[in-house]
Amino acid sequence: MLRRLQSQAAAAAESARLAEGLAAPAPPPEYAPERAAILRAEAALARARLRGAREARGLEERRHAAEVARQTVAARSQLEQLEAARAGLAAQLAAIETQVGQLAAVRAPFAGRVERLTWEEQHDQKITVVLYLAVTGE
């Protein structure tokens, strides 16, 4: 029995020694896998934001290009209208110059100069004008 008690005492002492070894602080915590997962998630989120920003920029560039094209077309259309108006005015001026060239010269049988000119009326192609002459007494 003494032997048994001694063997139990030795086992108890060994258990106490092992328990003291277990009482030592635990090794420092390692959260590397969790930190890596967080970093990956943040990188996935950052990549999604970057992709979204790139798509928004592409859309804005297309809108801008369409607006520039619209303004260019409007400016060209306005220039074409101005050129057409200018050509119309040039044609009217040429027609008037032709008509002025066809006017008959009015000659008076006496010397004098035109003092005043009054427009009386105009109907279609006819104009009635009154001339006031200053006649010299010769």
# chains A, B, ... in the order shown; residues from 1 in each chain; ligands from 1
call {"tool": "residues_around", "arguments": {"residues": "Gly112 in chain A", "least_positions_apart": "3", "cutoff": "12 Å", "atoms": "only C-alpha atoms", "output": "ChimeraX atom specification"}}
result
/A:107-109,115,131-138
call {"tool": "write_last_selection", "arguments": {"atoms": "C-alpha atoms", "output": "PDB file, in the first residue's frame"}}
result
ATOM      1  CA  ARG A 107     -34.119 114.133-120.004  1.00  0.00           C
ATOM      2  CA  ALA A 108     -35.571 117.530-119.508  1.00  0.00           C
ATOM      3  CA  PRO A 109     -35.660 120.062-122.349  1.00  0.00           C
ATOM      4  CA  GLU A 115     -33.532 119.618-105.585  1.00  0.00           C
ATOM      5  CA  LEU A 131     -38.899 115.279-108.879  1.00  0.00           C
ATOM      6  CA  TYR A 132     -38.463 118.892-107.804  1.00  0.00           C
ATOM      7  CA  LEU A 133     -36.060 120.700-110.135  1.00  0.00           C
ATOM      8  CA  ALA A 134     -34.182 123.901-109.719  1.00  0.00           C
ATOM      9  CA  VAL A 135     -34.171 125.540-113.150  1.00  0.00           C
ATOM     10  CA  THR A 136     -31.711 128.231-114.095  1.00  0.00           C
ATOM     11  CA  GLY A 137     -33.058 131.331-115.696  1.00  0.00           C
ATOM     12  CA  GLU A 138     -31.090 131.188-118.918  1.00  0.00           C
TER      13      GLU A 138
END
call {"tool": "select_by_dssp", "arguments": {"residues": "range 2-120 of chain A", "states": "strand (DSSP E or B)", "output": "list in words"}}
result
Gly112, Arg113, Val114, Glu115, Arg116, Leu117, Thr118, Trp119 and Glu120 of chain A
call {"tool": "closest_residue", "arguments": {"among": "A:Arg49, A:Lys126, A:Arg40, A:Arg4", "to": "Leu103 in chain A", "atoms": "only C-alpha atoms"}}
result
A:Lys126
call {"tool": "atom_distance", "arguments": {"atom1": "CA of Glu34 in chain A", "atom2": "CA of Ala53 in chain A"}}
result
28.5 Å
